[in-house]
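What's in coords.csv: CSV, C-alpha atoms
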chain,number,residue,atom,x,y,z
S,1,MET,CA,85.0,-25.8,-74.5
S,2,SER,CA,83.2,-27.1,-71.5
S,3,LEU,CA,81.2,-30.4,-71.2
S,4,SER,CA,78.6,-31.3,-68.7
S,5,LEU,CA,78.9,-34.4,-66.5
S,6,ARG,CA,75.8,-35.9,-68.2
S,7,ASP,CA,77.2,-35.4,-71.7
S,8,ALA,CA,80.6,-36.7,-70.6
S,9,GLN,CA,79.0,-39.9,-69.3
S,10,ARG,CA,77.5,-40.6,-72.7
S,11,GLU,CA,81.0,-41.1,-73.9
S,12,PHE,CA,81.4,-44.3,-72.0
S,13,GLY,CA,80.0,-47.6,-73.1
S,14,ALA,CA,80.6,-50.2,-70.3
S,15,GLY,CA,77.7,-52.6,-69.9
S,16,VAL,CA,78.4,-53.2,-66.2
S,17,ALA,CA,78.4,-51.1,-63.0
S,18,PHE,CA,82.1,-50.3,-63.1
S,19,LEU,CA,83.5,-49.5,-59.6
S,20,ASN,CA,87.1,-50.3,-60.5
S,21,THR,CA,88.9,-47.2,-61.7
S,22,ALA,CA,91.5,-47.6,-59.0
S,23,THR,CA,92.6,-50.6,-61.0
S,24,TYR,CA,92.1,-49.2,-64.5
S,25,GLY,CA,90.0,-46.5,-66.0
S,26,LEU,CA,87.4,-46.8,-68.7
S,27,PRO,CA,88.2,-45.1,-72.0
S,28,PRO,CA,85.8,-42.6,-73.6
S,29,ARG,CA,84.7,-43.8,-77.0
S,30,ALA,CA,86.8,-41.2,-78.9
S,31,ALA,CA,89.9,-42.3,-77.0
S,32,HIS,CA,89.2,-46.0,-77.5
S,33,GLU,CA,88.6,-45.5,-81.2
S,34,ALA,CA,91.8,-43.4,-81.6
S,35,MET,CA,93.9,-46.2,-80.1
S,36,LEU,CA,92.3,-48.9,-82.3
S,37,ALA,CA,92.7,-46.7,-85.4
S,38,THR,CA,96.5,-46.7,-84.9
S,39,GLU,CA,96.5,-50.5,-84.7
S,40,ARG,CA,94.4,-50.7,-87.9
S,41,ASP,CA,97.0,-48.4,-89.6
S,42,ARG,CA,99.8,-50.6,-88.4
S,43,ALA,CA,98.2,-53.7,-89.7
S,44,ALA,CA,97.6,-51.9,-93.0
S,45,GLY,CA,101.2,-50.8,-93.2
S,46,VAL,CA,100.3,-47.1,-93.2
S,47,LEU,CA,101.1,-46.1,-89.6
S,48,ALA,CA,103.0,-42.7,-89.6
S,49,PRO,CA,105.1,-42.6,-86.4
S,50,GLY,CA,106.0,-38.9,-86.8
S,51,ALA,CA,102.4,-37.9,-86.9
S,52,LEU,CA,101.8,-39.7,-83.6
S,53,ASP,CA,104.1,-37.3,-81.9
S,54,GLU,CA,101.2,-35.0,-81.9
S,55,ALA,CA,99.3,-37.3,-79.5
S,56,VAL,CA,102.2,-37.2,-77.1
S,57,THR,CA,102.3,-33.4,-77.3
S,58,ARG,CA,98.5,-33.2,-76.8
S,59,SER,CA,98.7,-35.5,-73.8
S,60,ARG,CA,101.6,-33.6,-72.2
S,61,GLU,CA,99.8,-30.3,-72.7
S,62,ALA,CA,96.4,-31.5,-71.5
S,63,PHE,CA,98.0,-33.0,-68.4
S,64,ALA,CA,99.9,-29.8,-67.7
S,65,ARG,CA,96.6,-27.8,-67.9
S,66,LEU,CA,94.8,-30.2,-65.6
S,67,LEU,CA,97.6,-29.6,-63.0
S,68,GLY,CA,98.1,-26.0,-63.7
S,69,VAL,CA,101.8,-26.2,-64.6
S,70,PRO,CA,103.7,-25.3,-67.8
S,71,ALA,CA,103.9,-28.1,-70.3
S,72,GLU,CA,107.7,-27.7,-70.5
S,73,ARG,CA,107.8,-29.0,-66.9
S,74,VAL,CA,106.1,-32.3,-67.8
S,75,ALA,CA,107.9,-35.4,-68.9
S,76,CYS,CA,106.2,-38.4,-70.6
S,77,GLY,CA,107.1,-42.1,-70.0
S,78,PRO,CA,105.6,-45.5,-69.5
S,79,GLN,CA,105.5,-46.2,-65.7
S,80,VAL,CA,105.7,-44.7,-62.3
S,81,SER,CA,108.7,-46.7,-61.2
S,82,TYR,CA,110.9,-45.3,-64.1
S,83,PHE,CA,110.4,-41.7,-62.9
S,84,THR,CA,110.6,-42.7,-59.2
S,85,GLY,CA,113.9,-44.4,-60.1
S,86,LEU,CA,115.3,-41.2,-61.5
S,87,VAL,CA,114.5,-39.4,-58.2
S,88,ALA,CA,116.1,-42.3,-56.3
S,89,ALA,CA,119.2,-42.1,-58.5
S,90,SER,CA,119.5,-38.3,-57.9
S,91,LEU,CA,119.8,-38.7,-54.1
S,92,PRO,CA,123.2,-38.6,-52.3
S,93,ALA,CA,124.3,-41.6,-50.3
S,94,GLY,CA,123.0,-41.6,-46.8
S,95,ALA,CA,119.9,-39.5,-47.6
S,96,GLU,CA,116.8,-40.2,-45.5
S,97,VAL,CA,113.7,-41.0,-47.5
S,98,LEU,CA,110.5,-40.8,-45.5
S,99,VAL,CA,107.6,-42.9,-46.8
S,100,ALA,CA,104.1,-44.1,-45.6
S,101,ASP,CA,103.5,-47.5,-44.2
S,102,GLY,CA,101.9,-49.8,-46.8
S,103,ASP,CA,102.3,-47.4,-49.8
S,104,PHE,CA,102.4,-48.7,-53.3
S,105,THR,CA,105.6,-50.5,-54.1
S,106,SER,CA,106.3,-48.7,-57.4
S,107,LEU,CA,106.9,-45.7,-55.2
S,108,LEU,CA,108.9,-47.6,-52.5
S,109,PHE,CA,111.0,-50.1,-54.3
S,110,PRO,CA,113.3,-47.7,-56.2
S,111,PHE,CA,114.5,-46.2,-52.9
S,112,ALA,CA,114.6,-49.5,-51.1
S,113,ALA,CA,116.7,-50.9,-53.9
S,114,ARG,CA,119.5,-48.5,-53.0
S,115,PRO,CA,121.0,-49.9,-49.8
S,116,ASP,CA,122.9,-46.6,-49.2
S,117,LEU,CA,119.7,-44.7,-48.6
S,118,GLY,CA,117.9,-44.6,-45.3
S,119,VAL,CA,114.2,-45.4,-46.0
S,120,ARG,CA,112.0,-44.8,-43.0
S,121,SER,CA,108.4,-45.8,-43.0
S,122,VAL,CA,105.8,-44.3,-40.7
S,123,PRO,CA,102.0,-44.2,-40.6
S,124,LEU,CA,100.4,-42.0,-43.2
S,125,GLU,CA,98.7,-39.8,-40.6
S,126,ARG,CA,102.0,-39.0,-38.9
S,127,LEU,CA,103.9,-38.3,-42.0
S,128,ALA,CA,104.1,-34.5,-41.6
S,129,GLU,CA,105.1,-34.6,-38.0
S,130,GLU,CA,107.8,-37.2,-38.8
S,131,VAL,CA,109.7,-34.9,-41.2
S,132,ARG,CA,112.9,-33.9,-39.4
S,133,ALA,CA,116.2,-32.0,-40.0
S,134,GLY,CA,117.9,-35.1,-41.6
S,135,THR,CA,115.0,-35.9,-44.0
S,136,GLY,CA,116.1,-35.4,-47.6
S,137,LEU,CA,112.9,-36.6,-49.3
S,138,VAL,CA,109.3,-37.4,-48.5
S,139,ALA,CA,107.8,-39.8,-51.0
S,140,VAL,CA,104.1,-40.5,-50.7
S,141,SER,CA,101.0,-41.3,-52.7
S,142,ALA,CA,98.4,-38.5,-52.6
S,143,VAL,CA,95.7,-41.1,-52.3
S,144,GLN,CA,96.5,-44.6,-51.0
S,145,SER,CA,95.9,-47.4,-53.4
S,146,ALA,CA,94.7,-49.9,-50.9
S,147,ASP,CA,92.0,-48.0,-49.2
S,148,GLY,CA,91.7,-44.4,-50.6
S,149,ARG,CA,93.1,-42.5,-47.7
S,150,ILE,CA,94.2,-39.0,-48.7
S,151,ALA,CA,97.6,-37.8,-47.6
S,152,PRO,CA,97.9,-34.7,-45.4
S,153,MET,CA,99.4,-32.8,-48.3
S,154,ASP,CA,99.3,-29.2,-47.0
S,155,GLY,CA,100.8,-30.1,-43.6
S,156,LEU,CA,103.4,-32.3,-45.3
S,157,LEU,CA,104.4,-29.6,-47.7
S,158,ASP,CA,104.8,-27.1,-44.9
S,159,ALA,CA,106.8,-29.5,-42.8
S,160,ALA,CA,109.1,-30.4,-45.7
S,161,ARG,CA,109.7,-26.8,-46.6
S,162,ALA,CA,110.5,-26.0,-42.9
S,163,HIS,CA,113.1,-28.8,-42.8
S,164,GLY,CA,114.6,-28.4,-46.3
S,165,ALA,CA,113.2,-31.7,-47.6
S,166,ARG,CA,111.9,-32.3,-51.1
S,167,VAL,CA,108.6,-34.0,-51.8
S,168,LEU,CA,107.8,-36.6,-54.4
S,169,LEU,CA,104.0,-37.0,-54.7
S,170,ASP,CA,102.6,-40.1,-56.5
S,171,ALA,CA,99.3,-38.9,-57.9
S,172,THR,CA,98.4,-42.1,-59.7
S,173,GLN,CA,95.2,-42.6,-57.6
S,174,ALA,CA,94.5,-38.8,-57.4
S,175,ALA,CA,95.2,-37.0,-60.7
S,176,GLY,CA,92.0,-36.9,-62.7
S,177,TRP,CA,89.6,-36.4,-59.7
S,178,LEU,CA,91.4,-34.7,-56.8
S,179,PRO,CA,92.7,-31.1,-57.0
S,180,LEU,CA,96.4,-31.2,-56.3
S,181,PRO,CA,99.0,-28.7,-55.0
S,182,ALA,CA,101.2,-29.3,-58.1
S,183,ASP,CA,102.7,-25.8,-57.9
S,184,ARG,CA,104.1,-26.6,-54.4
S,185,VAL,CA,105.5,-30.1,-55.1
S,186,ASP,CA,109.1,-30.8,-56.1
S,187,TRP,CA,108.1,-33.8,-58.2
S,188,LEU,CA,104.7,-35.2,-59.0
S,189,VAL,CA,104.4,-38.6,-60.9
S,190,ALA,CA,101.1,-40.0,-62.2
S,191,GLY,CA,100.4,-43.2,-64.0
S,192,GLY,CA,97.9,-42.5,-66.8
S,193,TYR,CA,95.8,-45.6,-66.9
S,194,LYS,CA,93.6,-45.1,-63.9
S,195,TRP,CA,91.7,-41.9,-63.1
S,196,LEU,CA,93.3,-40.2,-66.1
S,197,LEU,CA,91.4,-42.7,-68.3
S,198,GLY,CA,94.3,-43.7,-70.5
S,199,PRO,CA,95.6,-47.1,-71.7
S,200,ARG,CA,98.3,-48.8,-69.7
S,201,GLY,CA,101.7,-47.5,-70.8
S,202,THR,CA,101.4,-43.8,-70.2
S,203,CYS,CA,102.8,-41.9,-67.2
S,204,PHE,CA,103.7,-38.3,-66.4
S,205,LEU,CA,106.3,-36.5,-64.3
S,206,ALA,CA,105.9,-32.9,-63.4
S,207,GLY,CA,107.9,-30.7,-61.1
S,208,THR,CA,109.7,-27.5,-60.4
S,209,ARG,CA,112.4,-26.5,-62.9
S,210,GLU,CA,115.1,-26.8,-60.1
S,211,ALA,CA,113.9,-30.3,-59.0
S,212,LEU,CA,113.6,-31.5,-62.6
S,213,ASP,CA,117.1,-30.2,-63.4
S,214,ALA,CA,118.5,-32.3,-60.5
S,215,LEU,CA,117.4,-35.6,-62.1
S,216,PRO,CA,119.9,-37.6,-64.1
S,217,ALA,CA,118.8,-38.4,-67.7
S,218,ILE,CA,120.0,-42.0,-67.3
S,219,GLY,CA,117.2,-43.4,-69.4
S,220,ALA,CA,117.7,-40.9,-72.2
S,221,GLY,CA,117.2,-42.1,-75.8
S,222,TRP,CA,116.4,-40.5,-79.1
S,223,TYR,CA,113.0,-39.3,-77.9
S,224,ALA,CA,114.7,-37.1,-75.3
S,225,GLY,CA,116.6,-35.2,-78.0
S,226,ALA,CA,116.2,-31.5,-78.5
S,227,ASP,CA,115.0,-32.3,-82.1
S,228,ILE,CA,113.5,-35.7,-81.8
S,229,TRP,CA,113.8,-36.9,-85.4
S,230,ASP,CA,117.3,-35.4,-85.7
S,231,SER,CA,118.5,-37.2,-82.5
S,232,ILE,CA,118.3,-40.8,-83.7
S,233,TYR,CA,121.9,-41.4,-84.7
S,234,GLY,CA,125.3,-40.6,-83.3
S,235,LEU,CA,127.0,-38.2,-80.9
S,236,PRO,CA,127.2,-35.6,-79.5
S,237,LEU,CA,124.6,-35.7,-76.7
S,238,ARG,CA,121.9,-33.3,-77.6
S,239,LEU,CA,119.0,-33.5,-75.1
S,240,ALA,CA,116.0,-31.2,-74.8
S,241,ASP,CA,116.6,-28.3,-72.4
S,242,ASP,CA,113.3,-28.9,-70.6
S,243,ALA,CA,111.5,-31.9,-69.0
S,244,ARG,CA,111.5,-33.7,-72.3
S,245,ARG,CA,115.1,-34.7,-71.7
S,246,LEU,CA,113.5,-37.3,-69.3
S,247,ASP,CA,111.1,-38.7,-71.8
S,248,LEU,CA,111.2,-42.3,-72.9
S,249,SER,CA,110.3,-43.4,-76.4
S,250,PRO,CA,106.5,-43.6,-76.5
S,251,ALA,CA,104.2,-46.6,-77.2
S,252,TRP,CA,102.5,-44.6,-79.9
S,253,GLN,CA,99.2,-46.4,-79.7
S,254,CYS,CA,98.8,-45.7,-76.0
S,255,TRP,CA,99.4,-42.0,-76.4
S,256,ALA,CA,97.0,-41.8,-79.3
S,257,GLY,CA,94.4,-43.3,-77.0
S,258,HIS,CA,95.2,-41.0,-74.1
S,259,ALA,CA,95.1,-37.6,-75.6
S,260,PRO,CA,91.3,-37.5,-76.2
S,261,ALA,CA,90.6,-38.9,-72.7
S,262,LEU,CA,92.7,-36.2,-71.0
S,263,GLU,CA,90.9,-33.6,-73.1
S,264,LEU,CA,87.5,-34.9,-72.0
S,265,LEU,CA,88.6,-34.6,-68.3
S,266,GLU,CA,89.7,-31.1,-69.0
S,267,GLN,CA,86.4,-30.1,-70.6
S,268,VAL,CA,84.5,-31.4,-67.6
S,269,GLY,CA,87.0,-29.9,-65.1
S,270,ILE,CA,88.6,-31.5,-62.1
S,271,PRO,CA,86.4,-29.6,-59.6
S,272,ALA,CA,83.2,-31.0,-61.2
S,273,VAL,CA,84.7,-34.5,-61.5
S,274,HIS,CA,85.8,-34.3,-57.8
S,275,ASP,CA,82.4,-33.3,-56.6
S,276,HIS,CA,80.7,-36.1,-58.7
S,277,ASP,CA,83.1,-38.8,-57.6
S,278,VAL,CA,83.0,-38.0,-53.8
S,279,ALA,CA,79.2,-37.6,-53.9
S,280,LEU,CA,78.9,-41.1,-55.3
S,281,ALA,CA,81.3,-42.5,-52.8
S,282,ARG,CA,79.3,-40.9,-50.0
S,283,ARG,CA,76.1,-42.3,-51.4
S,284,PHE,CA,77.7,-45.7,-51.5
S,285,ALA,CA,78.9,-45.4,-47.9
S,286,ALA,CA,75.6,-44.2,-46.6
S,287,GLY,CA,73.8,-47.1,-48.3
S,288,LEU,CA,76.1,-49.5,-46.4
S,289,GLY,CA,75.8,-47.6,-43.1
S,290,LEU,CA,79.4,-46.4,-43.2
S,291,PRO,CA,80.6,-42.9,-42.2
S,292,PRO,CA,81.0,-40.4,-45.1
S,293,GLY,CA,84.5,-39.8,-46.4
S,294,ASP,CA,86.4,-37.3,-48.6
S,295,SER,CA,87.8,-39.9,-51.0
S,296,ALA,CA,86.5,-41.4,-54.3
S,297,ILE,CA,87.6,-44.8,-53.0
S,298,VAL,CA,85.8,-46.7,-50.4
S,299,SER,CA,87.2,-49.8,-48.8
S,300,VAL,CA,84.7,-52.3,-47.3
S,301,PRO,CA,85.2,-55.5,-45.2
S,302,VAL,CA,83.3,-58.4,-47.0
S,303,PRO,CA,83.4,-62.2,-47.0
S,304,ASP,CA,85.7,-64.0,-49.3
S,305,GLY,CA,84.3,-64.4,-52.8
S,306,THR,CA,82.4,-61.1,-52.8
S,307,ALA,CA,84.2,-59.7,-55.8
S,308,ASP,CA,83.4,-62.8,-57.9
S,309,LEU,CA,79.7,-62.6,-56.7
S,310,LEU,CA,79.5,-59.0,-57.7
S,311,ARG,CA,81.1,-59.7,-61.1
S,312,ARG,CA,78.5,-62.3,-61.9
S,313,ALA,CA,75.8,-59.8,-61.1
S,314,GLY,CA,77.5,-57.1,-63.4
S,315,VAL,CA,79.2,-55.0,-60.7
S,316,ILE,CA,83.0,-54.7,-61.1
S,317,ALA,CA,85.2,-54.1,-58.1
S,318,THR,CA,88.3,-55.6,-56.6
S,319,VAL,CA,89.9,-56.8,-53.4
S,320,ARG,CA,93.0,-55.0,-52.1
S,321,ALA,CA,94.6,-55.6,-48.7
S,322,GLY,CA,91.9,-58.0,-47.7
S,323,ARG,CA,89.0,-55.6,-48.3
S,324,LEU,CA,86.7,-54.8,-51.2
S,325,ARG,CA,87.9,-51.6,-52.9
S,326,CYS,CA,85.2,-49.6,-54.8
S,327,ALA,CA,86.2,-46.6,-56.8
S,328,PHE,CA,83.8,-44.0,-58.2
S,329,HIS,CA,84.6,-41.9,-61.2
S,330,LEU,CA,83.2,-40.0,-64.2
S,331,SER,CA,81.7,-43.0,-65.8
S,332,THR,CA,79.9,-44.1,-62.6
S,333,THR,CA,76.2,-43.3,-62.1
S,334,GLU,CA,73.9,-43.2,-59.1
S,335,ALA,CA,72.2,-46.3,-60.6
S,336,ASP,CA,75.6,-48.1,-60.5
S,337,VAL,CA,76.0,-47.2,-56.9
S,338,ASP,CA,72.5,-48.3,-55.9
S,339,LYS,CA,73.0,-51.6,-57.7
S,340,ALA,CA,76.2,-52.3,-55.8
S,341,VAL,CA,74.7,-51.3,-52.5
S,342,GLY,CA,71.7,-53.6,-53.0
S,343,LEU,CA,74.1,-56.5,-53.5
S,344,LEU,CA,76.6,-55.6,-50.8
S,345,ALA,CA,74.4,-54.4,-47.9
S,346,PRO,CA,73.5,-57.9,-46.6
S,347,LEU,CA,77.2,-59.0,-47.0
S,348,VAL,CA,78.5,-56.1,-45.2
S,349,ARG,CA,76.1,-56.6,-42.3
S,350,ALA,CA,77.1,-60.3,-42.1
S,351,ALA,CA,80.8,-59.3,-42.2
S,352,GLY,CA,80.3,-56.6,-39.5
Write-out of the structure in C-alpha cells:
Amino acid sequence: MSLSLRDAQREFGAGVAFLNTATYGLPPRAAHEAMLATERDRAAGVLAPGALDEAVTRSREAFARLLGVPAERVACGPQVSYFTGLVAASLPAGAEVLVADGDFTSLLFPFAARPDLGVRSVPLERLAEEVRAGTGLVAVSAVQSADGRIAPMDGLLDAARAHGARVLLDATQAAGWLPLPADRVDWLVAGGYKWLLGPRGTCFLAGTREALDALPAIGAGWYAGADIWDSIYGLPLRLADDARRLDLSPAWQCWAGHAPALELLEQVGIPAVHDHDVALARRFAAGLGLPPGDSAIVSVPVPDGTADLLRRAGVIATVRAGRLRCAFHLSTTEADVDKAVGLLAPLVRAAG
C-alpha cells in the first residue's frame, strides 16, 4: 500500500516547526500510540513479552525492505557503538582503519579503543583516494552528523574493492531519506531514532553474508538463540544461523513504537521522501542566500543564542560544531521552512 506525502504528514502532531530530525525523529501517531500502549499494558500487569517479538520482526523486515536486502541479513540491537564494536573486535591486530575527520564518535571510538589497530583519519572529500593496499577497513558515515555532507560512496566503494578493503557505512543520518548502496556495502549500521522515526533504543546492522559471518557474537544472549524462547537456560550454545545471532535482547516498548514508523516510511517510499527533504533544504538555503545542496541537512553560521531564540518562536533546531544545524524530513512543511527563514535571515546576514 502506498501513501502520499500529504497523507503521511497528517500522521505527525508536533505543534512547532521541527527542523531537528538529525537529533531525533518525530513519531507518527500510530507509532507513538503503539509504544504508549505497551507501557499501559506493563502498568496493568498484562504485558505479553512473547507477543512483542512480532514488533521486532516487523521492524527488521521493514528496514530490510527499505534497504533492499534480505531480512535474514539484518540484526537488531540498541546502539550504533555495539555493532561498530563487533566490527572492531573482528579485525586482526595491526589492521589499518581509514576514517573521516570529525566523524561521529560512536563510529570512531570502538576502533580507537583498540591500540593495536592503526586508525588513520583524513578529510571526507579525500577518503576514496586515501584507500591503499594496507587498508583493511573504511568506516564512515554516509551523511556527516555535524553538517550534512554526503560521503563519496560510489568512489569509496570502488576504491575499497580495488584494494581489498571492507567498508562499514554508518547510515544513522541517511537511512530513511537517502537511497543507499546497501547491496555493495560489507556492513551498514543505522541508529533508528533519527530519520527512521523510531524511539531511542533501536538500531540495525545489515551486511553481506560473508561479512556478517566474520563478526564474533561476543554480545550473544538468549535473544540471539536459534529458537528465542527455547534459548533462555543452559548450554550448549545454540545461536541463530543468520544475522539474528548478533541481536541483543530488545527494549520491547521501543520496537513496538518503531515498527509502524518504518512501515509508514515504506509506504511513502525513500525516493519520494528524499525528493521532499532535499527540496525543503534547498528552499531553506535559497531563502538565506546560500548555495543549493544535495543533503537534507543544512548547517548555518549564526550568532550565539540563535537556537534558543528560535525555540521561543516555535522553531526547533540545534547547534553542532559551532553552527546551527537544520534538518528537513517527512514531517516538515514549506510553512515550517518559511517560518525559520523569516527568523533566521537577518541573523545570517549579521553573522556573514
Go through S:Ile270, S:Leu248, S:Leu344, S:Leu127 and flag the residue nearest Phe204 (chain S), using only C-alpha atoms for the distances.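 Ranking S:Ile270, S:Leu248, S:Leu344, S:Leu127 by distance to Phe204 (chain S), first place goes to S:Leu248.
Here CA of Gly77 (chain S) stands at a distance of 5.1 Å from CA of Cys203 (chain S).
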May I ask which of the residues S:Glu72, S:Asp247, S:Asp116, S:Asp338 is the closest one to Leu215 (chain S), counting all atoms listed in the file?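 Looking at the shortest contact to Leu215 (chain S), the residue is S:Asp247.
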Could you tell me which of S:Val69, S:Ile150, S:Ala34, S:Leu343 comes closest to Arg311 (chain S) if we count only C-alpha atoms? S:Leu343
Of the listed residues S:Arg65, S:Arg60, S:Arg349, S:Arg29, that which approaches Gly269 (chain S) most closely, counting only C-alpha atoms: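 Checking each candidate against Gly269 (chain S), we get S:Arg65 as the closest.
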CA of Val273 (chain S) and CA of Gly176 (chain S), how far apart in Å?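 Interatomic distance here is 7.8 Å.
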Can you tell me, as a list in words, what residues are no more than 12 Å from Asp308 (chain S) when counting all atoms listed in the file, ignoring any on the same chain fewer than 4 positions away?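 With the cut-off at 12 Å, the set is Val302, Pro303, Asp304, Arg312, Ala313, Gly314, Val315, Ile316, Ala317, Thr318, Val319 and Leu324 of chain S.
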Nearest to Tyr82 (chain S), chosen from S:Leu264, S:Leu205, S:Ala340, S:Ala146, with only C-alpha atoms counted in the distances: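 Ranked by minimum distance to Tyr82 (chain S), first place goes to S:Leu205.
Among the candidates S:Pro199, S:Gly322, S:Pro115, S:Gly221, the one nearest to Glu33 (chain S) when counting only C-alpha atoms is S:Pro199.
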Would you compute the distance between CA of Ser331 (chain S) and CA of Gln9 (chain S)? Give it in Å to one decimal.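 Pair CA of Ser331 (chain S) / CA of Gln9 (chain S) returns 5.4 Å.
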Would you give me, as JSON lines, each residue of region 43-131 of chain S having an atom within 12 Å of an atom of region 226-241 of chain S, along with its shortest atom pair and that distance in Å to one decimal, using all atoms listed in the file and sorting by chain and residue number?
{"residue": "S:Pro49", "atom": "CA", "partner": "S:Trp229", "partner_atom": "CA", "distance": 10.4}
{"residue": "S:Gly50", "atom": "CA", "partner": "S:Trp229", "partner_atom": "CA", "distance": 8.2}
{"residue": "S:Ala51", "atom": "CA", "partner": "S:Trp229", "partner_atom": "CA", "distance": 11.5}
{"residue": "S:Asp53", "atom": "CA", "partner": "S:Ile228", "partner_atom": "CA", "distance": 9.5}
{"residue": "S:Glu72", "atom": "CA", "partner": "S:Asp241", "partner_atom": "CA", "distance": 9.1}
{"residue": "S:Arg73", "atom": "CA", "partner": "S:Asp241", "partner_atom": "CA", "distance": 10.4}
{"residue": "S:Ala75", "atom": "CA", "partner": "S:Ala240", "partner_atom": "CA", "distance": 10.9}
Excluding Gly94 (chain S) and residues on its chain fewer than 6 positions from it, collect all residues at most 10 Å away from it, counting only C-alpha atoms, and give them as a list in words.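 Once the adjacent positions are removed, what remains is Arg114, Pro115, Asp116, Leu117, Gly118, Val119, Gly134 and Gly136 of chain S.
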Taking 6 positions as the minimum chain separation for residues in the same chain, which residues sit within 12 Å of Glu61 (chain S) when counting all atoms listed in the file? Answer as an MDAnalysis selection string. chainID S and resid 54:55 67:76 204 206 258:260 262:263 266
When you look at region 289-294 of chain S with a cut-off of 10 Å (counting only C-alpha atoms), what residues show up, excluding the ones that are within fewer than 2 positions of it in the same chain? I need them as a PDB file with C-alpha atoms, keeping the file's coordinate frame.
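out_20.pdb, written as the output of this step:
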ATOM      1  CA  GLY S 148      91.700 -44.400 -50.600  1.00  0.00           C
ATOM      2  CA  ARG S 149      93.100 -42.500 -47.700  1.00  0.00           C
ATOM      3  CA  ILE S 150      94.200 -39.000 -48.700  1.00  0.00           C
ATOM      4  CA  LEU S 178      91.400 -34.700 -56.800  1.00  0.00           C
ATOM      5  CA  HIS S 274      85.800 -34.300 -57.800  1.00  0.00           C
ATOM      6  CA  ASP S 275      82.400 -33.300 -56.600  1.00  0.00           C
ATOM      7  CA  ASP S 277      83.100 -38.800 -57.600  1.00  0.00           C
ATOM      8  CA  VAL S 278      83.000 -38.000 -53.800  1.00  0.00           C
ATOM      9  CA  ALA S 279      79.200 -37.600 -53.900  1.00  0.00           C
ATOM     10  CA  ALA S 281      81.300 -42.500 -52.800  1.00  0.00           C
ATOM     11  CA  ARG S 282      79.300 -40.900 -50.000  1.00  0.00           C
ATOM     12  CA  ARG S 283      76.100 -42.300 -51.400  1.00  0.00           C
ATOM     13  CA  PHE S 284      77.700 -45.700 -51.500  1.00  0.00           C
ATOM     14  CA  ALA S 285      78.900 -45.400 -47.900  1.00  0.00           C
ATOM     15  CA  ALA S 286      75.600 -44.200 -46.600  1.00  0.00           C
ATOM     16  CA  GLY S 287      73.800 -47.100 -48.300  1.00  0.00           C
ATOM     17  CA  ALA S 296      86.500 -41.400 -54.300  1.00  0.00           C
ATOM     18  CA  ILE S 297      87.600 -44.800 -53.000  1.00  0.00           C
ATOM     19  CA  VAL S 298      85.800 -46.700 -50.400  1.00  0.00           C
ATOM     20  CA  VAL S 300      84.700 -52.300 -47.300  1.00  0.00           C
ATOM     21  CA  ALA S 345      74.400 -54.400 -47.900  1.00  0.00           C
ATOM     22  CA  VAL S 348      78.500 -56.100 -45.200  1.00  0.00           C
ATOM     23  CA  ARG S 349      76.100 -56.600 -42.300  1.00  0.00           C
TER      24      ARG S 349
END
